[in-house]
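Written out below as C-alpha cells is the structure these notes cover.
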Amino acid sequence: MSALSSALPDFPWDLLEPAKKLAAAHPGGIVDLSIGTPVDPVPASVRQALADASDAPGYPLTAGTPQLRAAIAGWLARECRASGDLGVLPTIGSKELVAWLPTLLGVGPGDVVVIPSVCYPTYEVGVRLAGAEVVRSDSLTALGPDRRIKLIWINSPSNPTGRVLPEQHLRKVVDWARERGVTVVSDECYLSLGWETTPVSVLDDRVTGGDHTGVLAVHSLSKRSNLAGYRAGFVGGDPALVAELLAVRKHGGMIVPAPVQAAMVAALTDERHVAEQRERYAARREILRSALVKAGFEISHSEAGLYLWATRDEDCWVTVDRLAKRGILAAPGAFYGPAAARHVRIAMTATDERVAAAADRLSEPF
C-alpha cells in the first residue's frame with residue numbers, strides 16, 4: 001500500500017514551528033498573526049441557536065434542512081446579487097470542500113486544474129489528492145488550448161494577497177471556461193470584508209448573466225461570523241453540479257451536524273453581527289498597516305480580507321525571523337507559491353491588546 005500523504009507537500013504550519021518558538025520566547029509573549037483564526041466571541045444569537053438545537057439524536061440531512069437551504073439561497077441572492085435557480089449545499093467548513101472538490105467532481109489522472117499563482121495551499125492539495133495535474137496561472141491566454149483543463153479555481157478576495165478581481169475579469173473567466181466546458185469555482189470566503197473596494201461574487205448576475213451553468217462559489221462563516229470552531233461553510237451555484245456533489249457526499253458521510261446547521265441559519269439571517277465584526281477588524285487593520293509602513297514594509301494589494309500582504313523586498317523567511325525576534329509570528333509567502341517568496345502574510349485576527357503590542361514592537365528599529 002502506498003501512502004497517499006507522500007503525494008502531498010509538507011504541511012506548511014509545521015515548517016513555522018522554529019519561528020513560533022522564537023516568538024514565544026519574547027518577554028511580552030507571542031503575538032500570533034500567522035494563521036488567521038478568529039479570536040472574538042461567537043454572536044449570542046448563533047450560540048443560542050446551537051444550544052436550542054442540541055437535542056439532536058437523529059441523523060441530519062446532508063443536503064441541509066429546508067430552513068438552512070432557504071437561508072443560504074437568500075444570502076446568495078442578497079449579498080452576491082445572484083438571481084434564478086441556485087443549487088446550495090452546506091459543507092463542513094470550506095477547507096474540506098476545497099480539498100475534496102476535484103475528487104467529488106470526478107477530476108482525476110490526466111486532467112488539469114488551474115489555480116492562482118499565489119494562493120491558499122489547499123487548492124494544490126485537492127488537485128494532488130485527485131491525482132490530477134496542477135497549473136499555476138493568473139492568465140487565461142497563458143493556458144493555451146489545453147483540452148485537459150477540467151476546473152479552474154479563482155479566489156477573490158484573495159488569501160493571502162487581499163486582491164479583489166473586478167467584475168470584468170470574473171466575466172472573462174466565466175466566458176472562457178464555458179467555451180471550453182471547464183468548471184469555474186470561486187473561493188469567496190472573505191467576500192464580506194472589503195476595505196478599499198467592494199468585492200463581486202462570481203454568482204453576481206453581472207458576471208453570469210443570470211445563468212449559473214458551470215459555476216460554483218464557496219463560502220465560509222468562519223471569518224464573517226467567528227465560526228471557525230463550528231466548521232460551517234457552504235457552496236452555491238450550478239444546480240447540476242451541486243446535485244452531483246450532494247450525491248457523492250451522501251455516500252461519503254460528509255454531513256454538517258444538525259446543531260451547526262441551526263446555528264448557520266441564525267448567522268446567515270443576521271448581518272448586524274457581521275457589521276460589528278468588520279468594525280473590529282477595520283480598527284486593527286489600520287493600526288497594523290500604519291505600524292508596518294512606518295517600519296519600512298510595503299503593503300501590496302490587501303484591499304479586502306483579513307490579511308496584510310507585506311514585503312521588505314527580502315526573502316520571506318528572513319522577514320519571518322526578524323518579526324519572530326520581536327515576538328511577532330507571520331506566515332511566510334513561500335507557503336502560497338513560488339511567486340510569493342518575498343512577502344509575508346500578517347493576519348488581523350488578534351485581540352486589540354495583542355495588535356497594540358505588535359504595533360509597539362514594530363516601532364523598534366529593524
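FYI, nothing fancy with the C-alpha cells labels: chains A, B, ... in order, residues from 1 per chain, ligands from 1 as they appear.
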Residues of segment 185-230 of chain A that have any atom at most 12 Å from an atom of segment 100-110 of chain A: could you tabulate them with the shortest-distance atom pair and the distance in Å to one decimal, using only C-alpha atoms, ordered by chain and increasing number, as CSV?
```
residue,atom,partner,partner_atom,distance
A:Val185,CA,A:Leu101,CA,9.4
A:Ser186,CA,A:Leu101,CA,11.8
A:Asp187,CA,A:Leu101,CA,11.7
A:Gly214,CA,A:Leu105,CA,11.5
A:Leu216,CA,A:Leu101,CA,10.7
A:Ala217,CA,A:Leu101,CA,11.7
A:Val218,CA,A:Leu101,CA,10.4
```
Just-selected residues, N, CA and C atoms written as a PDB file, in the first residue's frame:
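Saved result, result.pdb, follows:
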```pdb
ATOM      1  N   VAL A 185     -14.696  27.504 -10.187  1.00  0.00           N
ATOM      2  CA  VAL A 185     -15.021  27.523  -8.765  1.00  0.00           C
ATOM      3  C   VAL A 185     -14.352  28.737  -8.136  1.00  0.00           C
ATOM      4  N   SER A 186     -15.146  29.576  -7.492  1.00  0.00           N
ATOM      5  CA  SER A 186     -14.633  30.796  -6.874  1.00  0.00           C
ATOM      6  C   SER A 186     -14.693  30.679  -5.361  1.00  0.00           C
ATOM      7  N   ASP A 187     -13.543  30.802  -4.725  1.00  0.00           N
ATOM      8  CA  ASP A 187     -13.452  30.822  -3.267  1.00  0.00           C
ATOM      9  C   ASP A 187     -13.702  32.259  -2.815  1.00  0.00           C
ATOM     10  N   GLY A 214     -22.063  25.722 -14.872  1.00  0.00           N
ATOM     11  CA  GLY A 214     -20.614  25.553 -14.810  1.00  0.00           C
ATOM     12  C   GLY A 214     -19.907  26.412 -13.794  1.00  0.00           C
ATOM     13  N   LEU A 216     -19.496  27.615  -9.612  1.00  0.00           N
ATOM     14  CA  LEU A 216     -19.741  27.387  -8.188  1.00  0.00           C
ATOM     15  C   LEU A 216     -19.026  28.465  -7.377  1.00  0.00           C
ATOM     16  N   ALA A 217     -19.610  28.821  -6.232  1.00  0.00           N
ATOM     17  CA  ALA A 217     -18.970  29.739  -5.290  1.00  0.00           C
ATOM     18  C   ALA A 217     -18.912  29.072  -3.920  1.00  0.00           C
ATOM     19  N   VAL A 218     -17.748  29.139  -3.296  1.00  0.00           N
ATOM     20  CA  VAL A 218     -17.517  28.541  -1.976  1.00  0.00           C
ATOM     21  C   VAL A 218     -17.495  29.651  -0.934  1.00  0.00           C
TER      22      VAL A 218
END
```
Next item on the list: Pull the strand (DSSP E or B) assignments for segment 127-165 of chain A out of DSSP run on the backbone, and list those residues as a VMD selection string.
Entry: chain A and resid 133 to 136 149 to 155
Kindly provide the residues of segment 233-278 of chain A that approach segment 87-97 of chain A to within 6 Å, each paired with its closest atom pair and their distance in Å to one decimal, based on only C-alpha atoms, listed by chain and increasing number, as JSON lines.
```
{"residue": "A:Gly233", "atom": "CA", "partner": "A:Gly93", "partner_atom": "CA", "distance": 4.2}
{"residue": "A:Phe234", "atom": "CA", "partner": "A:Pro90", "partner_atom": "CA", "distance": 4.1}
{"residue": "A:Val235", "atom": "CA", "partner": "A:Leu89", "partner_atom": "CA", "distance": 5.4}
{"residue": "A:Gly236", "atom": "CA", "partner": "A:Val88", "partner_atom": "CA", "distance": 4.4}
{"residue": "A:Gly237", "atom": "CA", "partner": "A:Gly87", "partner_atom": "CA", "distance": 5.2}
{"residue": "A:Asp238", "atom": "CA", "partner": "A:Gly87", "partner_atom": "CA", "distance": 5.8}
{"residue": "A:Pro239", "atom": "CA", "partner": "A:Gly87", "partner_atom": "CA", "distance": 4.0}
{"residue": "A:Val242", "atom": "CA", "partner": "A:Gly87", "partner_atom": "CA", "distance": 5.5}
{"residue": "A:Val256", "atom": "CA", "partner": "A:Ile92", "partner_atom": "CA", "distance": 5.5}
```
Margin query: Considering only C-alpha atoms, can you say which of A:Met264, A:Leu362, A:Val320, A:Leu191 comes closest to Glu79 of chain A?
Written below: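 Residue with the minimum atom-to-atom distance to Glu79 of chain A: A:Leu191.
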Margin query: Which residues are near segment 198-209 of chain A? Cut-off 8 Å, only C-alpha atoms, ignore same chain within fewer than 5 positions. Put them as a list of chain:residue names.
Written below: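 With the cut-off at 8 Å, the set is A:Cys80, A:Arg81, A:Ala82, A:Ser83, A:Ser156, A:Pro157, A:Val164, A:Leu165, A:Pro166, A:Glu167, A:Gln168, A:Leu170, A:Arg171, A:Val174, A:Ser186, A:Glu188, A:Leu191, A:Ser192, A:Val215, A:Leu216, A:Ala217, A:Gly237, A:Ala304.
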Take the residues just selected and output them with N, CA and C atoms as a PDB file, in the first residue's frame.
```
ATOM      1  N   CYS A  80     -24.702  38.303  -2.805  1.00  0.00           N
ATOM      2  CA  CYS A  80     -23.957  38.007  -4.033  1.00  0.00           C
ATOM      3  C   CYS A  80     -24.691  38.479  -5.283  1.00  0.00           C
ATOM      4  N   ARG A  81     -25.899  38.996  -5.093  1.00  0.00           N
ATOM      5  CA  ARG A  81     -26.708  39.525  -6.194  1.00  0.00           C
ATOM      6  C   ARG A  81     -26.921  38.471  -7.271  1.00  0.00           C
ATOM      7  N   ALA A  82     -27.253  37.260  -6.798  1.00  0.00           N
ATOM      8  CA  ALA A  82     -27.479  36.134  -7.702  1.00  0.00           C
ATOM      9  C   ALA A  82     -28.972  35.846  -7.797  1.00  0.00           C
ATOM     10  N   SER A  83     -29.503  35.835  -9.002  1.00  0.00           N
ATOM     11  CA  SER A  83     -30.918  35.541  -9.195  1.00  0.00           C
ATOM     12  C   SER A  83     -31.074  34.148  -9.798  1.00  0.00           C
ATOM     13  N   SER A 156     -11.333  35.469  -4.807  1.00  0.00           N
ATOM     14  CA  SER A 156     -11.474  36.918  -4.659  1.00  0.00           C
ATOM     15  C   SER A 156     -12.530  37.219  -3.600  1.00  0.00           C
ATOM     16  N   PRO A 157     -12.140  37.950  -2.552  1.00  0.00           N
ATOM     17  CA  PRO A 157     -10.822  38.464  -2.202  1.00  0.00           C
ATOM     18  C   PRO A 157      -9.827  37.324  -1.945  1.00  0.00           C
ATOM     19  N   VAL A 164      -8.647  41.859  -5.069  1.00  0.00           N
ATOM     20  CA  VAL A 164     -10.029  41.677  -5.483  1.00  0.00           C
ATOM     21  C   VAL A 164     -10.098  41.702  -7.005  1.00  0.00           C
ATOM     22  N   LEU A 165     -10.717  40.671  -7.583  1.00  0.00           N
ATOM     23  CA  LEU A 165     -10.867  40.607  -9.030  1.00  0.00           C
ATOM     24  C   LEU A 165     -12.081  41.423  -9.452  1.00  0.00           C
ATOM     25  N   PRO A 166     -11.930  42.313 -10.426  1.00  0.00           N
ATOM     26  CA  PRO A 166     -13.058  43.129 -10.863  1.00  0.00           C
ATOM     27  C   PRO A 166     -14.090  42.308 -11.628  1.00  0.00           C
ATOM     28  N   GLU A 167     -15.274  42.863 -11.706  1.00  0.00           N
ATOM     29  CA  GLU A 167     -16.392  42.210 -12.395  1.00  0.00           C
ATOM     30  C   GLU A 167     -16.017  41.773 -13.809  1.00  0.00           C
ATOM     31  N   GLN A 168     -15.307  42.651 -14.542  1.00  0.00           N
ATOM     32  CA  GLN A 168     -14.957  42.339 -15.926  1.00  0.00           C
ATOM     33  C   GLN A 168     -14.055  41.107 -16.020  1.00  0.00           C
ATOM     34  N   LEU A 170     -13.880  38.608 -13.814  1.00  0.00           N
ATOM     35  CA  LEU A 170     -14.675  37.430 -13.471  1.00  0.00           C
ATOM     36  C   LEU A 170     -15.510  36.984 -14.669  1.00  0.00           C
ATOM     37  N   ARG A 171     -16.111  37.945 -15.347  1.00  0.00           N
ATOM     38  CA  ARG A 171     -16.933  37.616 -16.513  1.00  0.00           C
ATOM     39  C   ARG A 171     -16.087  36.985 -17.614  1.00  0.00           C
ATOM     40  N   VAL A 174     -15.418  33.326 -16.676  1.00  0.00           N
ATOM     41  CA  VAL A 174     -16.614  32.500 -16.863  1.00  0.00           C
ATOM     42  C   VAL A 174     -16.867  32.246 -18.351  1.00  0.00           C
ATOM     43  N   SER A 186     -15.146  29.576  -7.492  1.00  0.00           N
ATOM     44  CA  SER A 186     -14.633  30.796  -6.874  1.00  0.00           C
ATOM     45  C   SER A 186     -14.693  30.679  -5.361  1.00  0.00           C
ATOM     46  N   GLU A 188     -14.842  32.476  -2.135  1.00  0.00           N
ATOM     47  CA  GLU A 188     -15.262  33.819  -1.764  1.00  0.00           C
ATOM     48  C   GLU A 188     -15.437  33.967  -0.252  1.00  0.00           C
ATOM     49  N   LEU A 191     -15.618  37.543   1.173  1.00  0.00           N
ATOM     50  CA  LEU A 191     -16.433  38.472   0.393  1.00  0.00           C
ATOM     51  C   LEU A 191     -16.995  39.610   1.242  1.00  0.00           C
ATOM     52  N   SER A 192     -17.296  39.349   2.511  1.00  0.00           N
ATOM     53  CA  SER A 192     -17.916  40.356   3.379  1.00  0.00           C
ATOM     54  C   SER A 192     -16.913  41.349   3.950  1.00  0.00           C
ATOM     55  N   VAL A 215     -20.667  27.054 -12.900  1.00  0.00           N
ATOM     56  CA  VAL A 215     -20.066  27.993 -11.939  1.00  0.00           C
ATOM     57  C   VAL A 215     -20.477  27.631 -10.517  1.00  0.00           C
ATOM     58  N   LEU A 216     -19.496  27.615  -9.612  1.00  0.00           N
ATOM     59  CA  LEU A 216     -19.741  27.387  -8.188  1.00  0.00           C
ATOM     60  C   LEU A 216     -19.026  28.465  -7.377  1.00  0.00           C
ATOM     61  N   ALA A 217     -19.610  28.821  -6.232  1.00  0.00           N
ATOM     62  CA  ALA A 217     -18.970  29.739  -5.290  1.00  0.00           C
ATOM     63  C   ALA A 217     -18.912  29.072  -3.920  1.00  0.00           C
ATOM     64  N   GLY A 237     -24.454  27.564  -6.547  1.00  0.00           N
ATOM     65  CA  GLY A 237     -24.225  27.791  -7.974  1.00  0.00           C
ATOM     66  C   GLY A 237     -25.003  26.836  -8.839  1.00  0.00           C
ATOM     67  N   ALA A 304      -8.915  43.909   0.562  1.00  0.00           N
ATOM     68  CA  ALA A 304     -10.024  43.192   1.198  1.00  0.00           C
ATOM     69  C   ALA A 304      -9.457  42.003   1.966  1.00  0.00           C
TER      70      ALA A 304
END
```
Next item on the list: Can you pull out every residue within 8 Å of Asp315 of chain A, counting only C-alpha atoms, but drop anything in the same chain fewer than 3 positions away, and send it as a ChimeraX atom specification?
Entry: /A:318-319,341-343
Notebook entry, point to check: Can you list, as a PyMOL selection string, every residue of segment 201-297 of chain A that DSSP puts in alpha helix (DSSP H)?
Noted result: chain A and resi 205-208+239-252+258-268+272-294
Next item on the list: Give me the residues within 6 Å of segment 48-56 of chain A as a PyMOL selection string, counting only C-alpha atoms and dropping any in the same chain fewer than 2 places off.
Entry: chain A and resi 45-46+58+259+262-263
May I have the selected residues written with all heavy atoms, as an mmCIF file, in the first residue's frame?
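Output file out_20.cif follows:
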```cif
data_model
loop_
_atom_site.group_PDB
_atom_site.id
_atom_site.type_symbol
_atom_site.label_atom_id
_atom_site.label_comp_id
_atom_site.auth_asym_id
_atom_site.auth_seq_id
_atom_site.Cartn_x
_atom_site.Cartn_y
_atom_site.Cartn_z
ATOM 1 N N SER A 45 -26.705 35.229 19.334
ATOM 2 C CA SER A 45 -27.847 34.606 18.654
ATOM 3 C C SER A 45 -27.462 33.270 18.034
ATOM 4 O O SER A 45 -28.275 32.334 17.985
ATOM 5 C CB SER A 45 -28.395 35.550 17.578
ATOM 6 O OG SER A 45 -27.402 35.824 16.598
ATOM 7 N N VAL A 46 -26.228 33.169 17.560
ATOM 8 C CA VAL A 46 -25.750 31.933 16.947
ATOM 9 C C VAL A 46 -25.545 30.869 18.024
ATOM 10 O O VAL A 46 -25.921 29.702 17.854
ATOM 11 C CB VAL A 46 -24.447 32.189 16.167
ATOM 12 C CG1 VAL A 46 -23.875 30.888 15.620
ATOM 13 C CG2 VAL A 46 -24.697 33.182 15.037
ATOM 14 N N GLY A 58 -31.087 12.196 16.026
ATOM 15 C CA GLY A 58 -31.162 11.556 14.720
ATOM 16 C C GLY A 58 -30.114 12.058 13.753
ATOM 17 O O GLY A 58 -29.411 13.043 14.010
ATOM 18 N N PRO A 259 -27.031 20.647 14.998
ATOM 19 C CA PRO A 259 -26.952 21.906 15.744
ATOM 20 C C PRO A 259 -26.193 22.997 14.990
ATOM 21 O O PRO A 259 -26.550 24.177 15.071
ATOM 22 C CB PRO A 259 -26.226 21.503 17.037
ATOM 23 C CG PRO A 259 -26.504 20.050 17.187
ATOM 24 C CD PRO A 259 -26.505 19.517 15.794
ATOM 25 N N ALA A 262 -28.439 24.605 12.429
ATOM 26 C CA ALA A 262 -29.326 25.604 13.040
ATOM 27 C C ALA A 262 -28.576 26.899 13.318
ATOM 28 O O ALA A 262 -29.114 28.005 13.128
ATOM 29 C CB ALA A 262 -29.924 25.039 14.328
ATOM 30 N N ALA A 263 -27.338 26.776 13.771
ATOM 31 C CA ALA A 263 -26.519 27.961 14.033
ATOM 32 C C ALA A 263 -26.247 28.729 12.745
ATOM 33 O O ALA A 263 -26.216 29.969 12.735
ATOM 34 C CB ALA A 263 -25.204 27.544 14.696
#
```
Notebook entry, point to check: For Arg322 of chain A, which residue out of A:Arg69, A:Arg361, A:His301, A:Arg354 is the nearest one, using only C-alpha atoms?
Noted result: A:Arg361
Next item on the list: May I have the residues within 12 Å of Ala275 of chain A as a list in words, using only C-alpha atoms and disregarding those fewer than 6 positions away in the same chain?
Entry: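 Non-adjacent residues within range: Pro43, Ser192, Leu193, Gly194, Arg224, Ser225, Tyr281 and Ala282 of chain A.
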Those selected residues, please, written with N, CA, C and O atoms and delivered as an mmCIF file, in the first residue's frame.
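Generated file (out38.cif):
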```cif
data_model
loop_
_atom_site.group_PDB
_atom_site.id
_atom_site.type_symbol
_atom_site.label_atom_id
_atom_site.label_comp_id
_atom_site.auth_asym_id
_atom_site.auth_seq_id
_atom_site.Cartn_x
_atom_site.Cartn_y
_atom_site.Cartn_z
ATOM 1 N N PRO A 43 -21.334 35.242 17.967
ATOM 2 C CA PRO A 43 -22.534 36.030 18.253
ATOM 3 C C PRO A 43 -23.506 35.274 19.151
ATOM 4 O O PRO A 43 -23.716 34.063 18.994
ATOM 5 N N SER A 192 -17.296 39.349 2.511
ATOM 6 C CA SER A 192 -17.916 40.356 3.379
ATOM 7 C C SER A 192 -16.913 41.349 3.950
ATOM 8 O O SER A 192 -17.304 42.237 4.711
ATOM 9 N N LEU A 193 -15.638 41.199 3.599
ATOM 10 C CA LEU A 193 -14.599 42.012 4.227
ATOM 11 C C LEU A 193 -13.830 42.839 3.203
ATOM 12 O O LEU A 193 -12.619 42.773 3.101
ATOM 13 N N GLY A 194 -14.562 43.648 2.446
ATOM 14 C CA GLY A 194 -13.924 44.585 1.537
ATOM 15 C C GLY A 194 -13.576 45.869 2.262
ATOM 16 O O GLY A 194 -14.372 46.379 3.055
ATOM 17 N N ARG A 224 -16.497 35.789 8.824
ATOM 18 C CA ARG A 224 -17.519 36.825 8.975
ATOM 19 C C ARG A 224 -18.300 36.690 10.273
ATOM 20 O O ARG A 224 -18.797 37.671 10.810
ATOM 21 N N SER A 225 -18.435 35.450 10.780
ATOM 22 C CA SER A 225 -19.255 35.208 11.974
ATOM 23 C C SER A 225 -18.489 34.584 13.129
ATOM 24 O O SER A 225 -19.088 34.161 14.117
ATOM 25 N N TYR A 281 -12.234 44.568 12.915
ATOM 26 C CA TYR A 281 -11.113 44.299 12.018
ATOM 27 C C TYR A 281 -10.594 45.577 11.363
ATOM 28 O O TYR A 281 -9.391 45.714 11.122
ATOM 29 N N ALA A 282 -11.481 46.495 11.063
ATOM 30 C CA ALA A 282 -11.051 47.755 10.440
ATOM 31 C C ALA A 282 -10.102 48.513 11.357
ATOM 32 O O ALA A 282 -9.085 49.065 10.908
#
```
Note to self: One number please: atom CA of His212 of chain A to atom CA of Cys189 of chain A, in Å, one decimal.
What the structure shows: 18.7 Å
Next item on the list: Record the distance separating atom CA of Val113 of chain A and atom CA of Leu76 of chain A, expressed in Å with one decimal.
Entry: 25.7 Å
Check: Skipping near chain neighbours, those fewer than 3 positions away, what residues fall within 9 Å of Ala310 of chain A using only C-alpha atoms, listed as a PyMOL selection string?
Finding: chain A and resi 161+292-293+297-300+302+342-346
Include all heavy atoms and write out the residues we just selected as a tab-separated table (two decimals), in the first residue's frame.
```tsv
chain	number	residue	atom	x	y	z
A	161	THR	N	-3.25	37.50	-0.58
A	161	THR	CA	-2.86	38.83	-1.03
A	161	THR	C	-3.89	39.92	-0.76
A	161	THR	O	-3.57	41.10	-0.79
A	161	THR	CB	-2.56	38.84	-2.54
A	161	THR	OG1	-3.79	38.67	-3.27
A	161	THR	CG2	-1.58	37.75	-2.91
A	292	LEU	N	3.32	48.81	10.14
A	292	LEU	CA	4.16	48.11	9.16
A	292	LEU	C	4.80	49.11	8.19
A	292	LEU	O	5.99	49.00	7.88
A	292	LEU	CB	3.32	47.09	8.39
A	292	LEU	CG	2.94	45.82	9.16
A	292	LEU	CD1	1.82	45.08	8.45
A	292	LEU	CD2	4.15	44.91	9.35
A	293	VAL	N	4.02	50.06	7.72
A	293	VAL	CA	4.57	51.06	6.78
A	293	VAL	C	5.66	51.88	7.45
A	293	VAL	O	6.73	52.12	6.87
A	293	VAL	CB	3.44	51.96	6.26
A	293	VAL	CG1	4.01	53.14	5.48
A	293	VAL	CG2	2.49	51.17	5.37
A	297	PHE	N	7.92	48.46	5.70
A	297	PHE	CA	7.28	47.46	4.86
A	297	PHE	C	6.47	48.15	3.75
A	297	PHE	O	5.93	49.24	3.95
A	297	PHE	CB	6.31	46.60	5.69
A	297	PHE	CG	6.97	45.59	6.57
A	297	PHE	CD1	7.50	45.95	7.80
A	297	PHE	CD2	7.05	44.26	6.18
A	297	PHE	CE1	8.10	45.01	8.63
A	297	PHE	CE2	7.64	43.31	7.00
A	297	PHE	CZ	8.18	43.69	8.22
A	298	GLU	N	6.36	47.47	2.63
A	298	GLU	CA	5.45	47.89	1.57
A	298	GLU	C	4.24	46.95	1.62
A	298	GLU	O	4.40	45.73	1.73
A	298	GLU	CB	6.11	47.80	0.20
A	298	GLU	CG	5.18	48.14	-0.96
A	298	GLU	CD	5.83	47.93	-2.31
A	298	GLU	OE1	7.07	48.08	-2.40
A	298	GLU	OE2	5.10	47.60	-3.27
A	299	ILE	N	3.04	47.51	1.56
A	299	ILE	CA	1.82	46.71	1.57
A	299	ILE	C	1.33	46.54	0.14
A	299	ILE	O	1.07	47.53	-0.56
A	299	ILE	CB	0.71	47.36	2.43
A	299	ILE	CG1	1.24	47.68	3.83
A	299	ILE	CG2	-0.51	46.47	2.49
A	299	ILE	CD1	1.69	46.48	4.62
A	300	SER	N	1.22	45.30	-0.31
A	300	SER	CA	0.75	45.01	-1.66
A	300	SER	C	-0.72	44.59	-1.60
A	300	SER	O	-1.14	43.88	-0.68
A	300	SER	CB	1.56	43.87	-2.27
A	300	SER	OG	2.95	44.13	-2.23
A	302	SER	N	-4.10	43.88	-0.66
A	302	SER	CA	-4.68	44.00	0.69
A	302	SER	C	-5.91	44.89	0.74
A	302	SER	O	-6.24	45.44	1.77
A	302	SER	CB	-3.63	44.52	1.68
A	302	SER	OG	-2.47	43.72	1.67
A	342	ARG	N	8.88	36.68	-1.41
A	342	ARG	CA	9.44	37.89	-0.80
A	342	ARG	C	8.38	38.65	0.01
A	342	ARG	O	8.58	39.81	0.35
A	342	ARG	CB	10.09	38.78	-1.85
A	342	ARG	CG	11.22	38.09	-2.60
A	342	ARG	CD	11.94	39.00	-3.56
A	342	ARG	NE	12.90	39.88	-2.91
A	342	ARG	CZ	14.12	39.51	-2.51
A	342	ARG	NH1	14.52	38.26	-2.66
A	342	ARG	NH2	14.94	40.37	-1.95
A	343	HIS	N	7.27	38.00	0.28
A	343	HIS	CA	6.20	38.62	1.07
A	343	HIS	C	5.93	37.80	2.34
A	343	HIS	O	6.28	36.62	2.43
A	343	HIS	CB	4.90	38.70	0.28
A	343	HIS	CG	4.84	39.86	-0.67
A	343	HIS	ND1	5.52	39.88	-1.87
A	343	HIS	CD2	4.15	41.03	-0.59
A	343	HIS	CE1	5.27	41.01	-2.50
A	343	HIS	NE2	4.44	41.73	-1.74
A	344	VAL	N	5.29	38.43	3.29
A	344	VAL	CA	4.74	37.73	4.45
A	344	VAL	C	3.27	38.13	4.59
A	344	VAL	O	2.86	39.22	4.17
A	344	VAL	CB	5.49	38.05	5.77
A	344	VAL	CG1	6.89	37.51	5.72
A	344	VAL	CG2	5.46	39.54	6.07
A	345	ARG	N	2.50	37.22	5.17
A	345	ARG	CA	1.08	37.49	5.41
A	345	ARG	C	0.88	37.81	6.88
A	345	ARG	O	1.23	37.02	7.76
A	345	ARG	CB	0.23	36.28	5.02
A	345	ARG	CG	-1.25	36.57	4.94
A	345	ARG	CD	-2.07	35.29	4.82
A	345	ARG	NE	-2.13	34.56	6.08
A	345	ARG	CZ	-2.92	33.52	6.30
A	345	ARG	NH1	-3.69	33.05	5.34
A	345	ARG	NH2	-2.92	32.90	7.47
A	346	ILE	N	0.30	38.98	7.14
A	346	ILE	CA	0.04	39.44	8.51
A	346	ILE	C	-1.46	39.41	8.74
A	346	ILE	O	-2.23	40.12	8.08
A	346	ILE	CB	0.55	40.89	8.71
A	346	ILE	CG1	2.02	41.02	8.30
A	346	ILE	CG2	0.32	41.34	10.14
A	346	ILE	CD1	2.99	40.33	9.21
```
Which residues of segment 176-288 of chain A come within 9 Å of segment 17-37 of chain A, and what is each one's closest atom pair and distance in Å (one decimal), counting only C-alpha atoms, sorted by chain and residue number, as CSV?
```
residue,atom,partner,partner_atom,distance
A:Ser222,CA,A:Thr37,CA,8.4
A:Lys223,CA,A:Thr37,CA,8.0
A:Asn226,CA,A:Thr37,CA,8.5
A:Ala228,CA,A:Thr37,CA,7.1
```
